[in-house]
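Read through the structure below, which is laid out as structure tokens, and then see the notes.
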Amino acid sequence: MPSLPDFSGLSFAQPQFLWLLLLVPFLAWLKGKFGGTPGVLFSTTKTVAKIGGRRRSRAGDFLTGLLYLALISLIVALARPQEGKTITRTQASGVDIMLVIDVSRSMLAEDFTIGGQRANRLEAVKQVTETFIRERPNDRIGIVAFAGRPYLVSPLTLDHDWLRQNLERTRIGLVEDGTAIGSALAAASNRLKDKESKSKLVVLLTDGDNNMGRVSPATAAEAAQALGIKVYTIGSGSRGNAPYPVGDAFGRTVYRQIPVEFDEEILKQIAATTGGSYFRATDTQSLQGIFSEIDELEKSEVEIQKVEQYKDLFPWFVLAGAVLLAAETVLGQTIWRRLP
């Protein structure tokens with residue numbers, strides 16, 4: 001025995017036929033206004049009062065109701081009711097991205113702003129990076145932080161909630177101070193070397209010169225290029241001097257101006273060697289623009305397939321209409337037979 005349909009996901013292939021349902025109340029109004037043609041004429045209603053009785057007087061209304069229900073079922077059948085749903089399948093050809101973030105003490109310089117308030121470079125970088133992560137849901141993204149040496153914040157992952165939590169916990173002072181650009185780039189490239197993906201890239205942000213580490217930036221760039229990894233480099237910091245927080249003799253935070261110095265040439269060389277680009281971020285707005293540009297340059301390919309799974313239900317409504325018509329005919333010719 002076939003299972004009854006589930007009408008919770010009901011839709012109609014030809015819904016325009018549902019307008020015919022407006023005919024049902026109109027027909028009921030006509031019948032109520034004019035009634036049917038009498039089969040027998042009586043001079044007085046007293047003669048037939050006993051014939052009909054209260055119980056039989058309702059028979060006509062019931063049979064008429066069956067006819068209306070049958071008509072409604074057949075009209076709904078004309079509209080071709082269906083049950084089912086559309087299944088969307090997404091197949092992403094993503095990009096593997098390692099974000100390499102400088103967390104040396106110079107990143108405490110407060111020459112950036114967040115919401116109109118002065119902020120240090122690392123806070124601005126974390127905010128912009130979080131937005132970048134949110135806008136690339138189909139890519140595997142990992143994070144390497146570095147100062148005097150690199151350390152892994154997160155391996156490549158599609159769990160971006162967990163990734164953002166680890167990014168938020170990233171802070172200055174977890175490793176010895178310094179700027180090991182070459183070692184950080186080598187560590188990020190090592191995380192990408194065995195991955196099979198459409199594209200592999202590193203976004204490296206720093207505000208200083210390479211002064212620590214065992215691998216030179218040039219050597220690390222050549223290794224990345226050999227592995228098919230493209231590197232986008234970002235030099236962070238305003239031009240000239242930047243306010244840097246220090247403690248005075250009374251334990252208060254005061255600011256002194258420090259010169260902003262980093263090796264732009266080596267960052268340009270890394271980008272050129274690997275086929276990437278170099279950017280300079282002097283404030284929060286320019287940093288946001290840089291990440292947006294990288295986002296546009298390295299788009300993921302997403303293929304969306306829609307599969308419609310529907311089952312026609314009109315046979316059920318035709319069957320219901322037929323059963324109602326049959327019931328009206330049988331009852332009208334038997335227990336509720338009318339006078340000719």
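Just remember, in the structure tokens the first chain shown is A, the second B, etc., residues are 1-based per chain, and ligands are 1-based in the order shown.
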Which neighbours of Gly173 of chain A fall inside 9 Å, counting only C-alpha atoms, when residues of the same chain fewer than 3 positions from it are skipped, and could you give them as a CSV table (one decimal) with N, CA and C atoms, in the first residue's frame?
```
chain,number,residue,atom,x,y,z
A,103,VAL,N,54.6,39.8,15.2
A,103,VAL,CA,54.2,40.2,16.6
A,103,VAL,C,55.4,40.7,17.4
A,104,SER,N,56.3,41.3,16.7
A,104,SER,CA,57.4,41.9,17.5
A,104,SER,C,56.9,43.1,18.2
A,105,ARG,N,57.8,43.6,19.1
A,105,ARG,CA,57.3,44.7,20.0
A,105,ARG,C,57.1,46.0,19.3
A,147,ALA,N,58.2,36.7,15.7
A,147,ALA,CA,59.0,37.8,16.2
A,147,ALA,C,60.4,37.4,16.0
A,176,GLU,N,60.6,35.4,22.0
A,176,GLU,CA,61.6,36.5,22.1
A,176,GLU,C,61.5,37.5,21.0
A,177,ASP,N,61.9,38.7,21.3
A,177,ASP,CA,61.7,39.8,20.4
A,177,ASP,C,62.7,39.7,19.2
```
Between atom CA of Ser11 of chain A and atom CA of Glu83 of chain A, what is the spacing in Å?
6.2 Å
Need to verify the contact set: Trp162 of chain A, 12 Å, only C-alpha atoms, exclusion of same-chain residues closer than 4 positions in sequence. Can you return it as an MDAnalysis selection string?
chainID A and resid 130 133:134 141:143 153:158 166:169
Output C-alpha atoms for every residue in the selection just made, as a CSV table (one decimal), in the first residue's frame.
```
chain,number,residue,atom,x,y,z
A,130,GLU,CA,39.3,38.6,10.8
A,133,ILE,CA,38.9,35.2,6.9
A,134,ARG,CA,35.1,35.7,7.1
A,141,ILE,CA,43.5,29.3,6.0
A,142,GLY,CA,46.3,29.0,8.6
A,143,ILE,CA,48.3,31.5,10.6
A,153,VAL,CA,49.0,29.9,15.6
A,154,SER,CA,46.8,27.6,13.5
A,155,PRO,CA,47.4,25.0,10.7
A,156,LEU,CA,45.4,25.1,7.5
A,157,THR,CA,41.7,24.7,8.4
A,158,LEU,CA,38.2,25.2,7.1
A,166,ASN,CA,43.3,31.5,17.8
A,167,LEU,CA,43.9,34.8,16.0
A,168,GLU,CA,42.2,36.7,18.9
A,169,ARG,CA,44.6,34.9,21.4
```
I need the residues in segment 67-308 of chain A that are strand (DSSP E) according to DSSP; give them as a VMD selection string.
chain A and resid 81 to 93 95 to 102 112 to 114 117 to 119 140 to 146 150 to 157 199 to 206 229 to 236 241 to 247 253 to 259 278 to 281 301 to 308
Keeping C-alpha atoms, export the residues of the selection given above as a compact mmCIF listing (two decimals), in the first residue's frame.
```txt
# COMPACT_ATOMS: atom_id res chain seq x y z
CA PRO A 81 0.41 19.89 -6.46
CA GLN A 82 3.91 18.58 -5.75
CA GLU A 83 5.95 17.73 -2.71
CA GLY A 84 9.72 17.90 -2.56
CA LYS A 85 12.63 20.28 -2.29
CA THR A 86 15.58 21.79 -4.09
CA ILE A 87 18.95 20.44 -2.99
CA THR A 88 21.92 22.78 -3.49
CA ARG A 89 25.33 21.16 -3.78
CA THR A 90 28.39 23.38 -3.52
CA GLN A 91 31.73 22.21 -4.84
CA ALA A 92 34.52 24.62 -4.01
CA SER A 93 37.94 24.77 -5.61
CA VAL A 95 42.81 28.53 -2.19
CA ASP A 96 45.20 27.49 0.58
CA ILE A 97 46.35 30.60 2.44
CA MET A 98 48.91 31.06 5.19
CA LEU A 99 48.75 34.40 7.00
CA VAL A 100 52.14 35.39 8.43
CA ILE A 101 51.81 38.12 11.07
CA ASP A 102 54.59 40.07 12.77
CA PHE A 112 46.42 52.99 13.45
CA THR A 113 42.80 53.59 14.48
CA ILE A 114 39.78 51.37 15.19
CA GLN A 117 40.13 55.42 18.58
CA ARG A 118 43.90 55.08 18.44
CA ALA A 119 45.02 51.44 18.24
CA ARG A 140 41.70 26.61 4.00
CA ILE A 141 43.51 29.26 6.02
CA GLY A 142 46.31 28.97 8.57
CA ILE A 143 48.28 31.49 10.63
CA VAL A 144 51.97 31.76 11.53
CA ALA A 145 53.03 34.51 13.95
CA PHE A 146 56.62 35.56 14.35
CA PRO A 150 58.04 31.88 14.08
CA TYR A 151 55.37 29.85 15.84
CA LEU A 152 52.20 28.20 14.55
CA VAL A 153 48.96 29.87 15.58
CA SER A 154 46.77 27.58 13.46
CA PRO A 155 47.40 24.99 10.73
CA LEU A 156 45.39 25.15 7.51
CA THR A 157 41.74 24.67 8.37
CA SER A 199 46.41 27.99 -5.63
CA LYS A 200 48.77 28.38 -2.66
CA LEU A 201 49.68 31.75 -1.26
CA VAL A 202 51.20 33.53 1.71
CA VAL A 203 50.19 36.96 3.01
CA LEU A 204 53.16 38.28 5.01
CA LEU A 205 52.80 41.41 7.13
CA THR A 206 55.67 43.04 9.00
CA ILE A 229 53.63 29.53 -3.62
CA LYS A 230 52.77 33.16 -4.33
CA VAL A 231 53.66 35.67 -1.61
CA TYR A 232 51.92 38.99 -1.01
CA THR A 233 53.96 41.22 1.32
CA ILE A 234 52.63 44.13 3.36
CA GLY A 235 54.79 46.74 5.04
CA SER A 236 52.86 48.10 8.01
CA ASN A 241 57.52 58.70 13.30
CA ALA A 242 54.92 56.72 15.24
CA PRO A 243 53.70 57.04 18.86
CA TYR A 244 55.02 54.18 20.99
CA PRO A 245 53.76 53.46 24.54
CA VAL A 246 56.34 53.29 27.34
CA GLY A 247 56.12 53.35 31.12
CA THR A 253 51.88 54.95 30.15
CA VAL A 254 53.36 57.74 28.11
CA TYR A 255 54.14 57.95 24.42
CA ARG A 256 57.32 58.76 22.63
CA GLN A 257 57.85 59.12 18.93
CA ILE A 258 59.92 56.39 17.30
CA PRO A 259 61.07 56.33 13.67
CA TYR A 278 54.05 44.36 -2.35
CA PHE A 279 51.76 46.79 -0.51
CA ARG A 280 52.35 49.57 2.00
CA ALA A 281 49.77 50.03 4.79
CA GLU A 301 36.08 28.89 -7.79
CA VAL A 302 32.73 27.74 -6.42
CA GLU A 303 30.45 25.51 -8.48
CA ILE A 304 26.82 25.37 -7.34
CA GLN A 305 24.51 22.62 -8.55
CA LYS A 306 20.78 22.69 -7.86
CA VAL A 307 18.93 19.40 -7.91
CA GLU A 308 15.14 19.50 -7.77
```
Name the residues in contact with Leu21 of chain A at a cut-off of 9 Å, using only C-alpha atoms, excluding same-chain residues fewer than 5 positions from it; report them as a list in words.
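Residues near the query, excluding close chain neighbours: Leu71, Ile72, Ile75 and Val76 of chain A.
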Next, the residues of the selection above should be written as a tab-separated table (two decimals), in the first residue's frame with C-alpha atoms.
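Listed below is the output, result_25.tsv:
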```
chain	number	residue	atom	x	y	z
A	71	LEU	CA	-14.96	20.24	-7.34
A	72	ILE	CA	-12.30	21.70	-5.03
A	75	ILE	CA	-9.36	22.10	-9.27
A	76	VAL	CA	-6.39	21.51	-6.95
```
Write out as a list in words each polymer residue whose atoms come within 9 Å of Arg149 of chain A, counting only C-alpha atoms; drop sequence neighbours fewer than 5 positions from it.
Val175, Glu176, Asp177, Gly178, Thr179, Ala180, Ile181, Ser183, Ala184, Met212 and Gly213 of chain A
May I have the residues from that selection written out with N, CA and C atoms, as a PDB file, in the first residue's frame?
```pdb
ATOM      1  N   VAL A 175      57.045  35.015  22.264  1.00  0.00           N
ATOM      2  CA  VAL A 175      58.403  34.540  21.943  1.00  0.00           C
ATOM      3  C   VAL A 175      59.356  35.721  22.044  1.00  0.00           C
ATOM      4  N   GLU A 176      60.644  35.423  22.004  1.00  0.00           N
ATOM      5  CA  GLU A 176      61.642  36.478  22.116  1.00  0.00           C
ATOM      6  C   GLU A 176      61.479  37.501  21.004  1.00  0.00           C
ATOM      7  N   ASP A 177      61.868  38.736  21.306  1.00  0.00           N
ATOM      8  CA  ASP A 177      61.652  39.817  20.358  1.00  0.00           C
ATOM      9  C   ASP A 177      62.661  39.738  19.214  1.00  0.00           C
ATOM     10  N   GLY A 178      62.297  40.399  18.113  1.00  0.00           N
ATOM     11  CA  GLY A 178      63.116  40.404  16.907  1.00  0.00           C
ATOM     12  C   GLY A 178      62.204  40.301  15.699  1.00  0.00           C
ATOM     13  N   THR A 179      62.793  40.211  14.515  1.00  0.00           N
ATOM     14  CA  THR A 179      61.994  40.111  13.286  1.00  0.00           C
ATOM     15  C   THR A 179      62.646  39.083  12.362  1.00  0.00           C
ATOM     16  N   ALA A 180      62.133  37.862  12.420  1.00  0.00           N
ATOM     17  CA  ALA A 180      62.682  36.765  11.620  1.00  0.00           C
ATOM     18  C   ALA A 180      61.796  36.548  10.394  1.00  0.00           C
ATOM     19  N   ILE A 181      61.889  37.443   9.421  1.00  0.00           N
ATOM     20  CA  ILE A 181      61.022  37.369   8.242  1.00  0.00           C
ATOM     21  C   ILE A 181      61.287  36.103   7.434  1.00  0.00           C
ATOM     22  N   SER A 183      62.678  33.189   8.295  1.00  0.00           N
ATOM     23  CA  SER A 183      62.259  31.962   8.988  1.00  0.00           C
ATOM     24  C   SER A 183      60.743  31.827   9.009  1.00  0.00           C
ATOM     25  N   ALA A 184      60.033  32.943   9.168  1.00  0.00           N
ATOM     26  CA  ALA A 184      58.568  32.898   9.183  1.00  0.00           C
ATOM     27  C   ALA A 184      58.025  32.482   7.823  1.00  0.00           C
ATOM     28  N   MET A 212      66.693  38.488  12.632  1.00  0.00           N
ATOM     29  CA  MET A 212      66.778  37.241  13.395  1.00  0.00           C
ATOM     30  C   MET A 212      66.503  36.075  12.442  1.00  0.00           C
ATOM     31  N   GLY A 213      66.749  34.877  12.932  1.00  0.00           N
ATOM     32  CA  GLY A 213      66.412  33.689  12.165  1.00  0.00           C
ATOM     33  C   GLY A 213      67.573  33.126  11.385  1.00  0.00           C
TER      34      GLY A 213
END
```
At what distance in Å, to one decimal, does atom CA of Leu63 of chain A lie from atom CA of Ala322 of chain A?
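Pair atom CA of Ala322 of chain A / atom CA of Leu63 of chain A returns 14.1 Å.
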